[in-house]
>>> print(open('start_7.pdb').read())   # PDB, C-alpha atoms and all ligand atoms
ATOM      1  CA  MET A   1      10.158 144.862  88.774  1.00  0.00           C
ATOM      2  CA  ASN A   2       9.360 144.661  85.065  1.00  0.00           C
ATOM      3  CA  GLU A   3       7.744 141.617  83.443  1.00  0.00           C
ATOM      4  CA  PRO A   4      10.934 139.927  82.147  1.00  0.00           C
ATOM      5  CA  GLU A   5      12.481 140.273  85.627  1.00  0.00           C
ATOM      6  CA  ILE A   6       9.399 138.798  87.283  1.00  0.00           C
ATOM      7  CA  ILE A   7       9.486 135.866  84.859  1.00  0.00           C
ATOM      8  CA  LYS A   8      13.184 135.327  85.550  1.00  0.00           C
ATOM      9  CA  ARG A   9      12.731 135.376  89.339  1.00  0.00           C
ATOM     10  CA  THR A  10       9.732 133.037  89.074  1.00  0.00           C
ATOM     11  CA  GLU A  11      11.674 130.674  86.850  1.00  0.00           C
ATOM     12  CA  GLU A  12      14.479 130.485  89.437  1.00  0.00           C
ATOM     13  CA  PHE A  13      11.929 129.987  92.207  1.00  0.00           C
ATOM     14  CA  ALA A  14      10.174 127.139  90.322  1.00  0.00           C
ATOM     15  CA  ALA A  15      13.482 125.498  89.369  1.00  0.00           C
ATOM     16  CA  PHE A  16      14.467 125.503  93.034  1.00  0.00           C
ATOM     17  CA  GLU A  17      11.081 124.261  94.307  1.00  0.00           C
ATOM     18  CA  PHE A  18      10.703 121.433  91.768  1.00  0.00           C
ATOM     19  CA  GLY A  19      14.361 120.569  91.201  1.00  0.00           C
ATOM     20  CA  ASP A  20      14.430 117.091  92.715  1.00  0.00           C
ATOM     21  CA  GLU A  21      10.751 116.165  92.579  1.00  0.00           C
ATOM     22  CA  GLY A  22      10.580 112.431  91.777  1.00  0.00           C
ATOM     23  CA  SER A  23       6.987 111.824  90.684  1.00  0.00           C
ATOM     24  CA  GLY A  24       7.099 113.368  87.203  1.00  0.00           C
ATOM     25  CA  HIS A  25       6.246 116.879  88.369  1.00  0.00           C
ATOM     26  CA  ASP A  26       9.850 118.046  88.375  1.00  0.00           C
ATOM     27  CA  TRP A  27      11.239 121.332  87.052  1.00  0.00           C
ATOM     28  CA  PHE A  28      11.610 119.910  83.533  1.00  0.00           C
ATOM     29  CA  HIS A  29       7.853 119.224  83.478  1.00  0.00           C
ATOM     30  CA  VAL A  30       7.188 122.801  84.540  1.00  0.00           C
ATOM     31  CA  ASP A  31       9.607 124.102  81.905  1.00  0.00           C
ATOM     32  CA  ARG A  32       8.018 121.978  79.130  1.00  0.00           C
ATOM     33  CA  VAL A  33       4.552 123.175  80.126  1.00  0.00           C
ATOM     34  CA  ARG A  34       5.784 126.767  80.024  1.00  0.00           C
ATOM     35  CA  LYS A  35       7.316 126.327  76.543  1.00  0.00           C
ATOM     36  CA  MET A  36       4.248 124.541  75.203  1.00  0.00           C
ATOM     37  CA  ALA A  37       1.900 127.131  76.739  1.00  0.00           C
ATOM     38  CA  LEU A  38       3.852 129.889  74.977  1.00  0.00           C
ATOM     39  CA  ARG A  39       3.803 127.962  71.696  1.00  0.00           C
ATOM     40  CA  ILE A  40       0.017 127.462  71.877  1.00  0.00           C
ATOM     41  CA  GLY A  41      -0.515 130.923  73.324  1.00  0.00           C
ATOM     42  CA  ARG A  42       1.130 132.637  70.351  1.00  0.00           C
ATOM     43  CA  ASN A  43      -1.657 131.216  68.155  1.00  0.00           C
ATOM     44  CA  GLU A  44      -4.423 132.140  70.547  1.00  0.00           C
ATOM     45  CA  ASN A  45      -4.142 135.860  71.031  1.00  0.00           C
ATOM     46  CA  CYS A  46      -3.640 135.672  74.758  1.00  0.00           C
ATOM     47  CA  ASP A  47      -1.658 137.548  77.357  1.00  0.00           C
ATOM     48  CA  LEU A  48       1.713 135.796  77.250  1.00  0.00           C
ATOM     49  CA  PHE A  49       2.938 137.177  80.584  1.00  0.00           C
ATOM     50  CA  ILE A  50      -0.095 135.796  82.422  1.00  0.00           C
ATOM     51  CA  THR A  51       0.160 132.523  80.501  1.00  0.00           C
ATOM     52  CA  GLU A  52       3.852 132.055  81.266  1.00  0.00           C
ATOM     53  CA  MET A  53       3.485 132.965  84.956  1.00  0.00           C
ATOM     54  CA  ALA A  54       0.559 130.571  85.414  1.00  0.00           C
ATOM     55  CA  ALA A  55       2.491 127.790  83.649  1.00  0.00           C
ATOM     56  CA  LEU A  56       5.549 128.324  85.874  1.00  0.00           C
ATOM     57  CA  LEU A  57       3.449 128.191  89.060  1.00  0.00           C
ATOM     58  CA  HIS A  58       0.778 125.687  87.997  1.00  0.00           C
ATOM     59  CA  ASP A  59       1.966 122.718  90.092  1.00  0.00           C
ATOM     60  CA  LEU A  60       3.076 124.614  93.181  1.00  0.00           C
ATOM     61  CA  ASP A  61      -0.177 124.067  95.053  1.00  0.00           C
ATOM     62  CA  ASP A  62      -1.304 120.954  93.200  1.00  0.00           C
ATOM     63  CA  TRP A  63      -3.463 118.554  95.245  1.00  0.00           C
ATOM     64  CA  LYS A  64      -1.335 115.594  94.049  1.00  0.00           C
ATOM     65  CA  LEU A  65       1.841 116.994  95.545  1.00  0.00           C
ATOM     66  CA  ASN A  66       0.794 118.729  98.730  1.00  0.00           C
ATOM     67  CA  ASN A  67      -0.713 118.035 102.095  1.00  0.00           C
ATOM     68  CA  PRO A  68      -4.483 118.237 101.776  1.00  0.00           C
ATOM     69  CA  ASP A  69      -4.669 120.588 104.742  1.00  0.00           C
ATOM     70  CA  GLN A  70      -2.556 123.233 103.023  1.00  0.00           C
ATOM     71  CA  SER A  71      -4.854 125.980 101.833  1.00  0.00           C
ATOM     72  CA  ALA A  72      -5.186 126.152  98.049  1.00  0.00           C
ATOM     73  CA  GLN A  73      -2.998 128.589  96.157  1.00  0.00           C
ATOM     74  CA  SER A  74      -1.336 129.845  99.303  1.00  0.00           C
ATOM     75  CA  ARG A  75       2.196 129.479  97.994  1.00  0.00           C
ATOM     76  CA  SER A  76       1.594 130.853  94.499  1.00  0.00           C
ATOM     77  CA  GLY A  77      -0.445 133.733  95.931  1.00  0.00           C
ATOM     78  CA  LYS A  78       2.339 134.595  98.326  1.00  0.00           C
ATOM     79  CA  TRP A  79       4.929 134.430  95.574  1.00  0.00           C
ATOM     80  CA  LEU A  80       2.953 136.721  93.244  1.00  0.00           C
ATOM     81  CA  ALA A  81       2.670 139.305  96.007  1.00  0.00           C
ATOM     82  CA  GLU A  82       6.378 138.988  96.740  1.00  0.00           C
ATOM     83  CA  VAL A  83       7.421 139.746  93.151  1.00  0.00           C
ATOM     84  CA  GLY A  84       4.955 142.633  92.997  1.00  0.00           C
ATOM     85  CA  VAL A  85       2.383 141.356  90.472  1.00  0.00           C
ATOM     86  CA  ASP A  86      -0.638 143.610  90.784  1.00  0.00           C
ATOM     87  CA  ALA A  87      -3.753 142.262  92.445  1.00  0.00           C
ATOM     88  CA  GLN A  88      -5.938 141.950  89.366  1.00  0.00           C
ATOM     89  CA  VAL A  89      -3.313 140.124  87.302  1.00  0.00           C
ATOM     90  CA  SER A  90      -2.460 137.973  90.303  1.00  0.00           C
ATOM     91  CA  SER A  91      -6.052 136.858  90.780  1.00  0.00           C
ATOM     92  CA  HIS A  92      -6.272 135.964  87.078  1.00  0.00           C
ATOM     93  CA  ILE A  93      -3.109 133.842  87.393  1.00  0.00           C
ATOM     94  CA  LEU A  94      -4.413 132.120  90.535  1.00  0.00           C
ATOM     95  CA  ARG A  95      -7.688 131.356  88.832  1.00  0.00           C
ATOM     96  CA  ILE A  96      -5.863 129.712  85.911  1.00  0.00           C
ATOM     97  CA  ILE A  97      -3.815 127.583  88.312  1.00  0.00           C
ATOM     98  CA  ASP A  98      -7.018 126.482  90.020  1.00  0.00           C
ATOM     99  CA  GLU A  99      -8.559 125.454  86.705  1.00  0.00           C
ATOM    100  CA  VAL A 100      -5.625 123.448  85.305  1.00  0.00           C
ATOM    101  CA  SER A 101      -5.921 120.101  87.130  1.00  0.00           C
ATOM    102  CA  TYR A 102      -7.618 116.954  85.841  1.00  0.00           C
ATOM    103  CA  ARG A 103     -10.166 115.679  88.383  1.00  0.00           C
ATOM    104  CA  GLY A 104     -11.382 112.351  86.998  1.00  0.00           C
ATOM    105  CA  ALA A 105     -13.090 111.041  83.858  1.00  0.00           C
ATOM    106  CA  GLY A 106     -16.552 112.284  84.843  1.00  0.00           C
ATOM    107  CA  SER A 107     -15.551 115.631  86.330  1.00  0.00           C
ATOM    108  CA  GLU A 108     -15.772 118.687  84.119  1.00  0.00           C
ATOM    109  CA  THR A 109     -12.852 121.100  84.294  1.00  0.00           C
ATOM    110  CA  PRO A 110     -14.142 124.248  82.587  1.00  0.00           C
ATOM    111  CA  VAL A 111     -11.843 127.177  81.942  1.00  0.00           C
ATOM    112  CA  SER A 112     -12.814 130.813  82.319  1.00  0.00           C
ATOM    113  CA  SER A 113     -10.206 132.489  80.092  1.00  0.00           C
ATOM    114  CA  VAL A 114      -8.185 131.804  76.965  1.00  0.00           C
ATOM    115  CA  GLU A 115      -5.002 131.827  79.083  1.00  0.00           C
ATOM    116  CA  ALA A 116      -6.460 129.071  81.306  1.00  0.00           C
ATOM    117  CA  ALA A 117      -7.407 127.063  78.214  1.00  0.00           C
ATOM    118  CA  VAL A 118      -3.840 127.331  76.931  1.00  0.00           C
ATOM    119  CA  VAL A 119      -2.093 126.368  80.204  1.00  0.00           C
ATOM    120  CA  GLN A 120      -4.524 123.486  80.770  1.00  0.00           C
ATOM    121  CA  ASP A 121      -3.794 122.238  77.240  1.00  0.00           C
ATOM    122  CA  ALA A 122      -0.027 122.501  77.740  1.00  0.00           C
ATOM    123  CA  ASP A 123      -0.200 120.557  81.021  1.00  0.00           C
ATOM    124  CA  ARG A 124      -2.414 117.882  79.449  1.00  0.00           C
ATOM    125  CA  LEU A 125      -0.139 117.482  76.431  1.00  0.00           C
ATOM    126  CA  ASP A 126       2.728 116.755  78.829  1.00  0.00           C
ATOM    127  CA  ALA A 127       0.662 113.838  80.189  1.00  0.00           C
ATOM    128  CA  MET A 128       0.434 112.362  76.677  1.00  0.00           C
ATOM    129  CA  GLY A 129       2.859 110.671  74.289  1.00  0.00           C
ATOM    130  CA  ALA A 130       6.309 109.299  75.170  1.00  0.00           C
ATOM    131  CA  ILE A 131       6.802 111.755  78.014  1.00  0.00           C
ATOM    132  CA  GLY A 132       3.299 111.134  79.328  1.00  0.00           C
ATOM    133  CA  ILE A 133       4.034 107.405  79.514  1.00  0.00           C
ATOM    134  CA  ALA A 134       7.335 107.988  81.348  1.00  0.00           C
ATOM    135  CA  ARG A 135       5.696 110.385  83.816  1.00  0.00           C
ATOM    136  CA  THR A 136       2.802 108.033  84.482  1.00  0.00           C
ATOM    137  CA  PHE A 137       5.100 105.173  85.475  1.00  0.00           C
ATOM    138  CA  ALA A 138       7.280 107.515  87.522  1.00  0.00           C
ATOM    139  CA  TYR A 139       4.172 108.668  89.409  1.00  0.00           C
ATOM    140  CA  GLY A 140       2.958 105.074  89.886  1.00  0.00           C
ATOM    141  CA  GLY A 141       6.351 104.026  91.255  1.00  0.00           C
ATOM    142  CA  HIS A 142       6.424 107.051  93.524  1.00  0.00           C
ATOM    143  CA  LYS A 143       3.058 105.897  94.930  1.00  0.00           C
ATOM    144  CA  GLY A 144       4.201 102.248  95.160  1.00  0.00           C
ATOM    145  CA  ARG A 145       1.662 100.998  92.625  1.00  0.00           C
ATOM    146  CA  LEU A 146       1.725  97.835  90.523  1.00  0.00           C
ATOM    147  CA  ILE A 147       2.475  98.308  86.817  1.00  0.00           C
ATOM    148  CA  TYR A 148      -0.558  96.255  85.862  1.00  0.00           C
ATOM    149  CA  ASP A 149      -3.063  93.805  87.321  1.00  0.00           C
ATOM    150  CA  PRO A 150      -5.604  92.436  84.819  1.00  0.00           C
ATOM    151  CA  ALA A 151      -8.050  91.725  87.678  1.00  0.00           C
ATOM    152  CA  VAL A 152      -8.371  95.429  88.475  1.00  0.00           C
ATOM    153  CA  ILE A 153     -10.771  97.035  86.021  1.00  0.00           C
ATOM    154  CA  PRO A 154     -10.365 100.740  85.145  1.00  0.00           C
ATOM    155  CA  VAL A 155     -12.948 103.049  86.717  1.00  0.00           C
ATOM    156  CA  MET A 156     -14.373 106.192  85.113  1.00  0.00           C
ATOM    157  CA  HIS A 157     -14.393 108.389  88.188  1.00  0.00           C
ATOM    158  CA  SER A 158     -17.321 110.744  88.332  1.00  0.00           C
ATOM    159  CA  ASP A 159     -16.269 112.086  91.665  1.00  0.00           C
ATOM    160  CA  PHE A 160     -13.071 114.033  92.339  1.00  0.00           C
ATOM    161  CA  GLN A 161     -12.759 112.632  95.893  1.00  0.00           C
ATOM    162  CA  GLU A 162     -12.927 109.061  94.548  1.00  0.00           C
ATOM    163  CA  TYR A 163     -10.411 109.900  91.800  1.00  0.00           C
ATOM    164  CA  LYS A 164      -8.002 111.267  94.435  1.00  0.00           C
ATOM    165  CA  LYS A 165      -8.248 108.088  96.526  1.00  0.00           C
ATOM    166  CA  ASN A 166      -7.484 105.878  93.525  1.00  0.00           C
ATOM    167  CA  THR A 167      -4.692 103.326  94.115  1.00  0.00           C
ATOM    168  CA  ALA A 168      -5.126 101.231  90.949  1.00  0.00           C
ATOM    169  CA  PRO A 169      -2.205  99.868  88.881  1.00  0.00           C
ATOM    170  CA  THR A 170      -0.525 102.359  86.568  1.00  0.00           C
ATOM    171  CA  ILE A 171      -1.866 100.900  83.307  1.00  0.00           C
ATOM    172  CA  ASN A 172      -5.389 101.710  84.529  1.00  0.00           C
ATOM    173  CA  HIS A 173      -4.405 105.361  84.639  1.00  0.00           C
ATOM    174  CA  PHE A 174      -4.105 105.318  80.846  1.00  0.00           C
ATOM    175  CA  TYR A 175      -7.796 104.408  80.556  1.00  0.00           C
ATOM    176  CA  GLU A 176      -8.908 106.626  83.416  1.00  0.00           C
ATOM    177  CA  LYS A 177      -7.054 109.708  82.223  1.00  0.00           C
ATOM    178  CA  LEU A 178      -4.411 109.681  79.490  1.00  0.00           C
ATOM    179  CA  MET A 179      -6.503 108.207  76.682  1.00  0.00           C
ATOM    180  CA  LEU A 180      -9.325 110.636  77.471  1.00  0.00           C
ATOM    181  CA  LEU A 181      -7.187 113.733  77.220  1.00  0.00           C
ATOM    182  CA  LYS A 182      -7.281 114.198  73.451  1.00  0.00           C
ATOM    183  CA  ASP A 183     -11.006 114.921  73.652  1.00  0.00           C
ATOM    184  CA  ARG A 184     -10.504 117.308  76.531  1.00  0.00           C
ATOM    185  CA  LEU A 185      -8.072 119.694  74.852  1.00  0.00           C
ATOM    186  CA  ASN A 186      -9.387 123.206  74.307  1.00  0.00           C
ATOM    187  CA  THR A 187      -7.431 124.774  71.443  1.00  0.00           C
ATOM    188  CA  GLU A 188      -6.966 123.685  67.828  1.00  0.00           C
ATOM    189  CA  THR A 189      -3.186 123.942  68.180  1.00  0.00           C
ATOM    190  CA  ALA A 190      -3.209 121.525  71.117  1.00  0.00           C
ATOM    191  CA  LYS A 191      -5.618 119.149  69.375  1.00  0.00           C
ATOM    192  CA  ASN A 192      -3.232 118.932  66.413  1.00  0.00           C
ATOM    193  CA  ILE A 193      -0.237 118.214  68.639  1.00  0.00           C
ATOM    194  CA  GLY A 194      -2.277 115.798  70.754  1.00  0.00           C
ATOM    195  CA  GLU A 195      -3.274 113.571  67.841  1.00  0.00           C
ATOM    196  CA  GLU A 196       0.190 112.090  67.321  1.00  0.00           C
ATOM    197  CA  ARG A 197       0.778 111.722  71.063  1.00  0.00           C
ATOM    198  CA  HIS A 198      -2.538 109.915  71.452  1.00  0.00           C
ATOM    199  CA  GLN A 199      -1.745 107.526  68.606  1.00  0.00           C
ATOM    200  CA  PHE A 200       1.651 106.796  70.149  1.00  0.00           C
ATOM    201  CA  MET A 201      -0.009 105.802  73.454  1.00  0.00           C
ATOM    202  CA  GLU A 202      -2.525 103.623  71.654  1.00  0.00           C
ATOM    203  CA  ASN A 203       0.294 101.748  69.924  1.00  0.00           C
ATOM    204  CA  TYR A 204       2.124 101.482  73.222  1.00  0.00           C
ATOM    205  CA  LEU A 205      -0.858  99.918  75.018  1.00  0.00           C
ATOM    206  CA  GLU A 206      -1.435  97.492  72.195  1.00  0.00           C
ATOM    207  CA  GLN A 207       2.175  96.320  72.335  1.00  0.00           C
ATOM    208  CA  PHE A 208       2.055  96.184  76.151  1.00  0.00           C
ATOM    209  CA  HIS A 209      -0.947  93.838  76.162  1.00  0.00           C
ATOM    210  CA  GLU A 210       0.559  91.669  73.431  1.00  0.00           C
ATOM    211  CA  GLU A 211       3.742  91.255  75.418  1.00  0.00           C
ATOM    212  CA  TRP A 212       1.739  90.611  78.592  1.00  0.00           C
ATOM    213  CA  GLN A 213       0.017  87.675  76.866  1.00  0.00           C
ATOM    214  CA  ALA A 214       3.382  86.449  75.537  1.00  0.00           C
ATOM    215  CA  ASN A 215       2.084  86.987  72.012  1.00  0.00           C
ATOM    216  CA  LYS A 216       4.992  89.153  70.915  1.00  0.00           C
TER     217      LYS A 216
HETATM  218 NI    NI A 301       1.572 119.877  85.776  1.00  0.00          NI
END
>>> encode(input="start_7.pdb", output="structure tokens")
Amino acid sequence: MNEPEIIKRTEEFAAFEFGDEGSGHDWFHVDRVRKMALRIGRNENCDLFITEMAALLHDLDDWKLNNPDQSAQSRSGKWLAEVGVDAQVSSHILRIIDEVSYRGAGSETPVSSVEAAVVQDADRLDAMGAIGIARTFAYGGHKGRLIYDPAVIPVMHSDFQEYKKNTAPTINHFYEKLMLLKDRLNTETAKNIGEERHQFMENYLEQFHEEWQANK
């Protein structure tokens, strides 16, 4: 199979797998991350096939969406073998997927290649701005969380296990993750795009708290 065919098959596979996902990690998220990764990637001199494949598969084995007992990367690894991606390229793609996820305010998430930097940026940008806000509330609802409770103070998680166990109201997630993302983008292209999205969320939170206090 040539590269365009592999991309096409993987796209169909991802669209099928994520089609009706209700927590904000649906196929349209995957597709936006893919498009954004390609947009950033074109400015970064990276391998666009690897970048696009990693973006298409990045949520398949995500800890947020799977049973914890499922071994990491098993499904993406299997898929890459099935479509005949060679072992070296496949291990690069799997490594990117492993490096994409946010693991809490105090946990570093270093990247080991420019392609990983680009896919991580694209995924983080999709957690920001108008779409980021929509996805955050969709995820909170999916987990049965309150929108907001002023008595519950945001926590800067330094430990990935603690971050995973978090059940705080959705607004806290803005302070524990979304508002921190602009300083955790890797590439200049993503930082430029992230600025406006960050500002939009800041305005949103300001208005939210004003309305909460019945001031507006
Ligand atoms: Ni994602």
>>> atom_distance(input="start_7.pdb", atom1="atom CA of A:Lys164", atom2="atom CA of A:Arg145")
14.2 Å
>>> atom_distance(input="start_7.pdb", atom1="atom CA of A:Asp86", atom2="atom CA of A:Phe49")
12.6 Å
>>> resolve_selection(input="start_7.pdb", expression="the PyMOL selection byres (((not hetatm)) within 9 of (chain A and resi 301))", output="count of residues only")
19
>>> closest_residue(input="start_7.pdb", among="A:Asn172, A:Asn186, A:His142, A:Met128", to="A:Glu115", atoms="only C-alpha atoms")
A:Asn186
>>> resolve_selection(input="start_7.pdb", expression="the PyMOL selection byres (((chain A and resi 39) around 12) and not hetatm)", output="MDAnalysis selection string")
chainID A and resid 32:38 40:46 48 51:52 118:119 121:122 187 189:190 193
>>> atom_distance(input="start_7.pdb", atom1="atom CA of A:Leu181", atom2="atom CA of A:Gly22")
23.0 Å
>>> residues_around(input="start_7.pdb", residues="A:Gly84", least_positions_apart="6", cutoff="12 Å", atoms="all atoms listed in the file", output="PyMOL selection string")
chain A and resi 1-3+5-7+9-10+77-78+90
>>> residues_around(input="start_7.pdb", residues="A:Thr170", least_positions_apart="5", cutoff="10 Å", atoms="only C-alpha atoms", output="mmCIF file with C-alpha atoms, in the frame of the given file")
data_model
loop_
_atom_site.group_PDB
_atom_site.id
_atom_site.type_symbol
_atom_site.label_atom_id
_atom_site.label_comp_id
_atom_site.auth_asym_id
_atom_site.auth_seq_id
_atom_site.Cartn_x
_atom_site.Cartn_y
_atom_site.Cartn_z
ATOM 1 C CA ILE A 133 4.034 107.405 79.514
ATOM 2 C CA THR A 136 2.802 108.033 84.482
ATOM 3 C CA PHE A 137 5.100 105.173 85.475
ATOM 4 C CA ALA A 138 7.280 107.515 87.522
ATOM 5 C CA TYR A 139 4.172 108.668 89.409
ATOM 6 C CA GLY A 140 2.958 105.074 89.886
ATOM 7 C CA GLY A 141 6.351 104.026 91.255
ATOM 8 C CA LYS A 143 3.058 105.897 94.930
ATOM 9 C CA GLY A 144 4.201 102.248 95.160
ATOM 10 C CA ARG A 145 1.662 100.998 92.625
ATOM 11 C CA LEU A 146 1.725 97.835 90.523
ATOM 12 C CA ILE A 147 2.475 98.308 86.817
ATOM 13 C CA TYR A 148 -0.558 96.255 85.862
ATOM 14 C CA ASP A 149 -3.063 93.805 87.321
ATOM 15 C CA TYR A 175 -7.796 104.408 80.556
ATOM 16 C CA GLU A 176 -8.908 106.626 83.416
#
>>> residues_around(input="start_7.pdb", residues="A:Arg103", least_positions_apart="2", cutoff="9 Å", atoms="all atoms listed in the file", output="PyMOL selection string")
chain A and resi 101+105-109+157-161+163-164
>>> closest_atom_pairs(input="start_7.pdb", of="stretch 127-179 of chain A", to="stretch 198-215 of chain A", cutoff="9 Å", atoms="all atoms listed in the file", output="JSON lines")
{"residue": "A:Met128", "atom": "CA", "partner": "A:His198", "partner_atom": "CA", "distance": 6.5}
{"residue": "A:Gly129", "atom": "CA", "partner": "A:Met201", "partner_atom": "CA", "distance": 5.7}
{"residue": "A:Ala130", "atom": "CA", "partner": "A:Phe200", "partner_atom": "CA", "distance": 7.3}
{"residue": "A:Gly132", "atom": "CA", "partner": "A:Met201", "partner_atom": "CA", "distance": 8.6}
{"residue": "A:Ile133", "atom": "CA", "partner": "A:Met201", "partner_atom": "CA", "distance": 7.5}
{"residue": "A:Ile171", "atom": "CA", "partner": "A:Leu205", "partner_atom": "CA", "distance": 8.4}
{"residue": "A:Phe174", "atom": "CA", "partner": "A:Met201", "partner_atom": "CA", "distance": 8.5}
{"residue": "A:Leu178", "atom": "CA", "partner": "A:His198", "partner_atom": "CA", "distance": 8.3}
{"residue": "A:Met179", "atom": "CA", "partner": "A:His198", "partner_atom": "CA", "distance": 6.8}
>>> closest_residue(input="start_7.pdb", among="A:Ile50, A:Leu56, A:Val85, A:Val155", to="A:Phe13", atoms="all atoms listed in the file")
A:Leu56
